[in-house]
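> Take this structure first; my questions come after.
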Amino acid sequence: MEVRTRFAPSPTGYMHIGNLRTALYTYLIAKKGNGKFILRIEDTDQERYVEGAVDIIYRTLRTVGLNWDEGPDVGGPVGPYIQSERMGLFKQYAEELVAKGEAYYCFCDKERLTELKAVQEASGVNPMYDRHCRNLSKEEIDEKLAAGIPYVIRQKIPETGTTTFHDELYGDITVDNSTLDDQILLKTDGMPTYNFANVVDDHLMGITHVVRGNEYLASAPKYNLLYKAFGWEVPTYIHVEHIMKDKHNKLSKRNGDASFEDLMAKGYLSEAVINYIALLGWAPKGEREIFTLEELIEEFDINGLSKSPAIFDPLKLKAINGEYIRKLSPEKFLEHAAPYIKETVKREDVDIAKIAALLQNRTEVFADIPEQVDFIDEMPNYDLALYENKKMKTNADTALAALEESLPVLEAIDEADWKFDNIHDKLFELIAKLEVKNGYILWPVRVAISGKQFTPGGAFEIAEIIGKADTIARMKRSIEMLKNR
RNA sequence: GGCCCGUUGGUCAAGCGGCUAAGACACCGGCCUCUCACGCCGGUAACGCGAGUUCGAUUCUCGCACGGGUCACCA
């Protein structure tokens with residue numbers, strides 16, 4: 001049988017990392033089995049519906065490459081794929097269950113239910129529907145129906161015995177039927193509840209593997225009973241654990257945690273994000289951990305899924321992102337980095353590509369770039385203590401001497417010859433002549449023309465990038481500062 | 001609280017009766033080097049507790065503790 005999986009998000013706003021990971025796993029299972037990945041939008045809750053949220057779902061899934069084979073916009077044989085457009089379907093299925101004796105009309109109003117719940121809680125009993133309407137006679141039902149009393153349809157859970165359902169990860173889980181509530185299938189307004197719509201839709205759409213969050217584990221037995229009541233085949237369940245912010249809290253936008261869009265905005269590569277979240281709650285067979293989506297399809301195996309929650313580690317994400325950045329071709333890197341470089345580098349006489357080349361190995365997230373190159377437009381005022389370096393055996397005094405020796409050497413280089421190699425060779429001639437350590441000259445020069453303790457690239461690279469005139473000017477300014485100290 | 005699930009270093013995690021208990025990130029050293037970073041080498045650090053079963057338990061069983069989930073006419 002063909003594998004068919006579905007990702008069924010509610011359009012409630014942004015796409016959070018946990019949802020995206022569920023989508024990923026769902027996609028991987030489908031593709032691993034050469035099957036179909038289906039997108040179904042579950043928008044039955046009009047109150048939580050957020051304008052534009054569907055577009056975010058589309059956009060996110062597309063940018064990470066989780067392309068769906070069937071869905072609202074691409075169509076398919078078992079549509080519609082937007083749940084609100086399927087509303088007509090559910091009533092007949094609920095009534096079919098009533099006819100089979102697997103469900104029943106319930107006329108209890110909300111007041112009675114709230115009161116019942118209050119009483120039960122007060123007496124320490126588990127709040128559950130008391131099955132007041134479960135055994136209404138045919139006459140009573142017809143009478144109330146005729147009188148137009150609002151009703152819901154509830155699932156008739158067996159009063160005794162146990163229900164066992166199977167999860168690919170957790171194995172068989174058995175619960176006493178006495179702990180299961182006669183849940184509502186069809187609401188007063190004729191709309192299905194999520195639990196009911198899900199079962200019906202999954203069946204109608206031929207879903208073979210249901211991948212969903214762990215929060216549904218507890219309601220799984222009731223799903224099983226529903227499938228059984230209909231006489232439908234139960235799909236394979238795979239419940240995945242949550243992604244946590246820390247030991248106690250789930251990762252959520254409400255807590256200010258990063259959503260996928262936030263990560264993109266901060267300069268993460270979508271491939272790196274996908275790679276990282278695949279690893280959050282799943283472990284590949286070998287020791288490799290860098291995978292493209294295609295490779296993940298190959299490697300993925302539900303046996304590698306974890307049964308306990310995983311804490312999202314921004315540092316690890318960064319590290320993986322850094323690895324992806326380093327693997328980029330120089331051209332690709334430049335393409336990504338240029339906008340960030342230009343955030344602080346406004347002057348036009350510099351070669352952005354050269355700056356980018358220095359940055360590639362030093363960038364884990366693109367958003368870190370601007371502050372690394374902020375000295376290029378203008379050298380900041382800096383602390384002369386920067387010249388103090390034990391390992392280089394330099395201090396303000398030696399630095400002044402080094403700079404005064406270096407200045408004429410640099411000035412002697414032709415504007416036209418102002419290239420890394422020439423600058424390098426000339427300064428090394430000086431170093432050889434003076435018989436000093438490289439750092440004795442180079443450290444002060446780098447500081448003198450950058451004003452920073454750390455810079456991407458060393459003295460030669462920086463000098464080349466900012467050009468001869470600027471280099472000389474900065475050297476002079478720094479010499480003055482040292483003299484006037 | 002009832003029910004369900006889980007518990008290996010700081011984090012992600014391998015392990016599926018016998019191992020010096022992998023690997024990655026982070027951290028700490030070292031090398032490279034004009035800084036930082038990259039790269040390379042090395043190091044610190046873990047089986048929640050208590051009973052069983054077994055010749056032998058991280059691995060199986062049961063308690064306990066802790067953590068999570070769920071108990072809506074939300075999804």
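Convention: chains lettered A, B, ... in structure tokens order; per-chain residue numbering from 1; ligands numbered from 1 as shown.
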Show me, as a compact mmCIF listing (two decimals) with N, CA and C atoms, in the first residue's frame, the residues of chain A whose atoms get within 6 Å of chain B, using only C-alpha atoms (C1' of nucleotides) for the distance check.


# COMPACT_ATOMS: atom_id res chain seq x y z
N LYS A 187 -20.62 19.12 17.24
CA LYS A 187 -21.01 20.19 18.15
C LYS A 187 -22.42 20.69 17.84
N GLU A 215 1.07 15.39 22.62
CA GLU A 215 -0.09 15.79 23.41
C GLU A 215 -1.34 15.00 23.02
N ALA A 218 -2.72 10.82 24.76
CA ALA A 218 -3.78 10.46 25.69
C ALA A 218 -5.13 10.26 25.01
N GLU A 287 27.67 8.40 12.77
CA GLU A 287 28.12 9.56 13.51
C GLU A 287 27.98 10.86 12.74
N SER A 308 11.62 11.11 24.65
CA SER A 308 11.58 12.15 25.67
C SER A 308 11.83 13.51 25.04
N LYS A 316 23.99 25.08 19.44
CA LYS A 316 24.23 24.00 18.50
C LYS A 316 23.71 24.38 17.11
N ASN A 361 34.88 32.22 7.11
CA ASN A 361 35.23 31.30 8.19
C ASN A 361 34.94 31.85 9.58
N ARG A 362 34.54 33.10 9.61
CA ARG A 362 34.31 33.73 10.92
C ARG A 362 32.86 34.02 11.16
N GLY A 439 55.09 39.71 14.92
CA GLY A 439 54.07 40.40 15.69
C GLY A 439 54.51 41.75 16.21
N LEU A 442 53.59 43.70 13.06
CA LEU A 442 52.24 43.46 12.52
C LEU A 442 51.09 43.72 13.50
N TRP A 443 51.32 43.37 14.74
CA TRP A 443 50.25 43.61 15.73
C TRP A 443 49.95 45.11 15.85
N PHE A 454 39.96 42.58 17.90
CA PHE A 454 39.76 41.45 16.99
C PHE A 454 39.28 41.97 15.64
N THR A 455 39.84 41.43 14.60
CA THR A 455 39.38 41.83 13.27
C THR A 455 39.36 40.62 12.36

> List every residue of region 86-206 of chain A that DSSP, applied to the backbone of this structure, places in helix (DSSP H, G or I), and write the result as a compact mmCIF listing (two decimals) with N, CA and C atoms, in the first residue's frame.


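Output file result17.txt follows:
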# COMPACT_ATOMS: atom_id res chain seq x y z
N ARG A 86 -14.94 21.22 4.25
CA ARG A 86 -15.39 19.84 4.32
C ARG A 86 -16.51 19.65 5.34
N MET A 87 -16.97 20.78 5.88
CA MET A 87 -17.90 20.72 7.00
C MET A 87 -19.14 19.86 6.75
N GLY A 88 -19.65 19.87 5.53
CA GLY A 88 -20.86 19.11 5.24
C GLY A 88 -20.72 17.61 5.48
N LEU A 89 -19.50 17.14 5.35
CA LEU A 89 -19.24 15.71 5.42
C LEU A 89 -19.54 15.06 6.77
N PHE A 90 -19.19 15.80 7.79
CA PHE A 90 -19.12 15.16 9.10
C PHE A 90 -20.43 14.73 9.73
N LYS A 91 -21.47 15.51 9.49
CA LYS A 91 -22.75 15.19 10.11
C LYS A 91 -23.22 13.79 9.72
N GLN A 92 -23.08 13.46 8.46
CA GLN A 92 -23.56 12.15 8.04
C GLN A 92 -22.77 11.02 8.67
N TYR A 93 -21.48 11.29 8.87
CA TYR A 93 -20.67 10.25 9.51
C TYR A 93 -21.04 10.10 10.99
N ALA A 94 -21.35 11.23 11.61
CA ALA A 94 -21.74 11.18 13.02
C ALA A 94 -23.07 10.43 13.14
N GLU A 95 -23.96 10.71 12.21
CA GLU A 95 -25.26 10.04 12.26
C GLU A 95 -25.14 8.55 11.94
N GLU A 96 -24.18 8.24 11.10
CA GLU A 96 -23.95 6.82 10.80
C GLU A 96 -23.59 6.08 12.09
N LEU A 97 -22.80 6.74 12.89
CA LEU A 97 -22.39 6.14 14.16
C LEU A 97 -23.57 6.00 15.11
N VAL A 98 -24.46 7.00 15.09
CA VAL A 98 -25.64 6.93 15.94
C VAL A 98 -26.46 5.72 15.51
N ALA A 99 -26.63 5.58 14.21
CA ALA A 99 -27.42 4.47 13.68
C ALA A 99 -26.82 3.12 14.08
N LYS A 110 -25.01 23.58 28.26
CA LYS A 110 -23.73 23.90 28.89
C LYS A 110 -23.84 24.15 30.38
N GLU A 111 -24.97 24.70 30.77
CA GLU A 111 -25.14 24.98 32.21
C GLU A 111 -25.05 23.68 33.01
N ARG A 112 -25.81 22.68 32.52
CA ARG A 112 -25.79 21.40 33.25
C ARG A 112 -24.38 20.81 33.29
N LEU A 113 -23.71 20.94 32.18
CA LEU A 113 -22.36 20.38 32.08
C LEU A 113 -21.38 21.07 33.03
N THR A 114 -21.47 22.40 33.07
CA THR A 114 -20.56 23.13 33.96
C THR A 114 -20.85 22.79 35.41
N GLU A 115 -22.11 22.70 35.70
CA GLU A 115 -22.50 22.38 37.07
C GLU A 115 -22.01 20.98 37.45
N LEU A 116 -22.22 20.06 36.52
CA LEU A 116 -21.80 18.69 36.73
C LEU A 116 -20.30 18.63 37.02
N LYS A 117 -19.58 19.38 36.20
CA LYS A 117 -18.13 19.39 36.36
C LYS A 117 -17.74 19.95 37.72
N ALA A 118 -18.44 21.02 38.11
CA ALA A 118 -18.13 21.66 39.40
C ALA A 118 -18.37 20.68 40.55
N VAL A 119 -19.48 19.99 40.49
CA VAL A 119 -19.82 19.03 41.53
C VAL A 119 -18.77 17.92 41.58
N GLN A 120 -18.43 17.42 40.40
CA GLN A 120 -17.46 16.33 40.35
C GLN A 120 -16.10 16.76 40.92
N GLU A 121 -15.69 17.95 40.53
CA GLU A 121 -14.40 18.42 41.02
C GLU A 121 -14.43 18.62 42.53
N ALA A 122 -15.56 19.17 43.01
CA ALA A 122 -15.69 19.42 44.44
C ALA A 122 -15.61 18.13 45.24
N LYS A 138 -36.04 6.07 22.21
CA LYS A 138 -36.25 6.57 20.85
C LYS A 138 -37.28 7.71 20.87
N GLU A 139 -38.33 7.53 21.69
CA GLU A 139 -39.40 8.52 21.77
C GLU A 139 -38.88 9.84 22.33
N GLU A 140 -38.11 9.72 23.41
CA GLU A 140 -37.57 10.94 24.03
C GLU A 140 -36.70 11.71 23.04
N ILE A 141 -35.89 10.97 22.32
CA ILE A 141 -35.00 11.61 21.36
C ILE A 141 -35.79 12.31 20.27
N ASP A 142 -36.73 11.59 19.68
CA ASP A 142 -37.52 12.16 18.61
C ASP A 142 -38.26 13.41 19.07
N GLU A 143 -38.75 13.32 20.31
CA GLU A 143 -39.49 14.44 20.88
C GLU A 143 -38.62 15.69 21.00
N LYS A 144 -37.44 15.49 21.54
CA LYS A 144 -36.52 16.62 21.73
C LYS A 144 -36.04 17.17 20.38
N LEU A 145 -35.78 16.26 19.48
CA LEU A 145 -35.34 16.67 18.15
C LEU A 145 -36.43 17.52 17.49
N ALA A 146 -37.65 17.03 17.62
CA ALA A 146 -38.78 17.71 17.01
C ALA A 146 -38.99 19.08 17.66
N ASN A 177 -11.34 1.39 29.73
CA ASN A 177 -12.38 2.18 29.07
C ASN A 177 -13.10 3.08 30.06
N SER A 178 -13.09 2.67 31.32
CA SER A 178 -13.78 3.48 32.33
C SER A 178 -13.14 4.85 32.51
N THR A 179 -11.94 5.02 32.03
CA THR A 179 -11.29 6.33 32.18
C THR A 179 -11.56 7.23 30.97
N TYR A 194 -12.39 18.58 16.68
CA TYR A 194 -11.11 18.24 16.06
C TYR A 194 -10.90 16.72 16.03
N ASN A 195 -11.17 16.12 17.18
CA ASN A 195 -10.93 14.68 17.28
C ASN A 195 -11.72 13.87 16.26
N PHE A 196 -12.93 14.31 16.02
CA PHE A 196 -13.77 13.59 15.08
C PHE A 196 -13.37 13.89 13.64
N ALA A 197 -13.20 15.17 13.35
CA ALA A 197 -12.85 15.58 11.99
C ALA A 197 -11.54 14.91 11.56
N ASN A 198 -10.64 14.82 12.50
CA ASN A 198 -9.35 14.24 12.22
C ASN A 198 -9.45 12.79 11.77
N VAL A 199 -10.22 12.04 12.51
CA VAL A 199 -10.37 10.62 12.19
C VAL A 199 -11.04 10.45 10.83
N VAL A 200 -12.11 11.20 10.64
CA VAL A 200 -12.85 11.08 9.38
C VAL A 200 -11.98 11.52 8.20
N ASP A 201 -11.33 12.67 8.37
CA ASP A 201 -10.50 13.18 7.28
C ASP A 201 -9.33 12.25 6.97
N ASP A 202 -8.68 11.79 8.00
CA ASP A 202 -7.55 10.90 7.77
C ASP A 202 -7.99 9.65 7.01
N HIS A 203 -9.16 9.16 7.39
CA HIS A 203 -9.66 7.97 6.70
C HIS A 203 -10.00 8.29 5.25
N LEU A 204 -10.76 9.35 5.07
CA LEU A 204 -11.18 9.73 3.72
C LEU A 204 -10.00 10.04 2.81

> So what do you get for CA of Asp176 (chain A) versus CA of Ile157 (chain A), distance-wise?

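Computing the Euclidean distance for CA of Asp176 (chain A) and CA of Ile157 (chain A) yields 10.7 Å.
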
> State, in Å with one decimal place, the distance from CA of Val211 (chain A) to CA of Asp262 (chain A).

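Atom-to-atom, CA of Val211 (chain A) to CA of Asp262 (chain A), that is 25.2 Å.
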
> What is the CA of Ala337 (chain A) to CA of Ala319 (chain A) distance in Å?

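Going from CA of Ala337 (chain A) over to CA of Ala319 (chain A), I get 17.3 Å.
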
> What lies within 12 Å of C41 (chain B) using only C-alpha atoms (C1' of nucleotides), ignoring chain neighbours under 5 positions off, as a PyMOL selection string?

chain B and resi 29-32
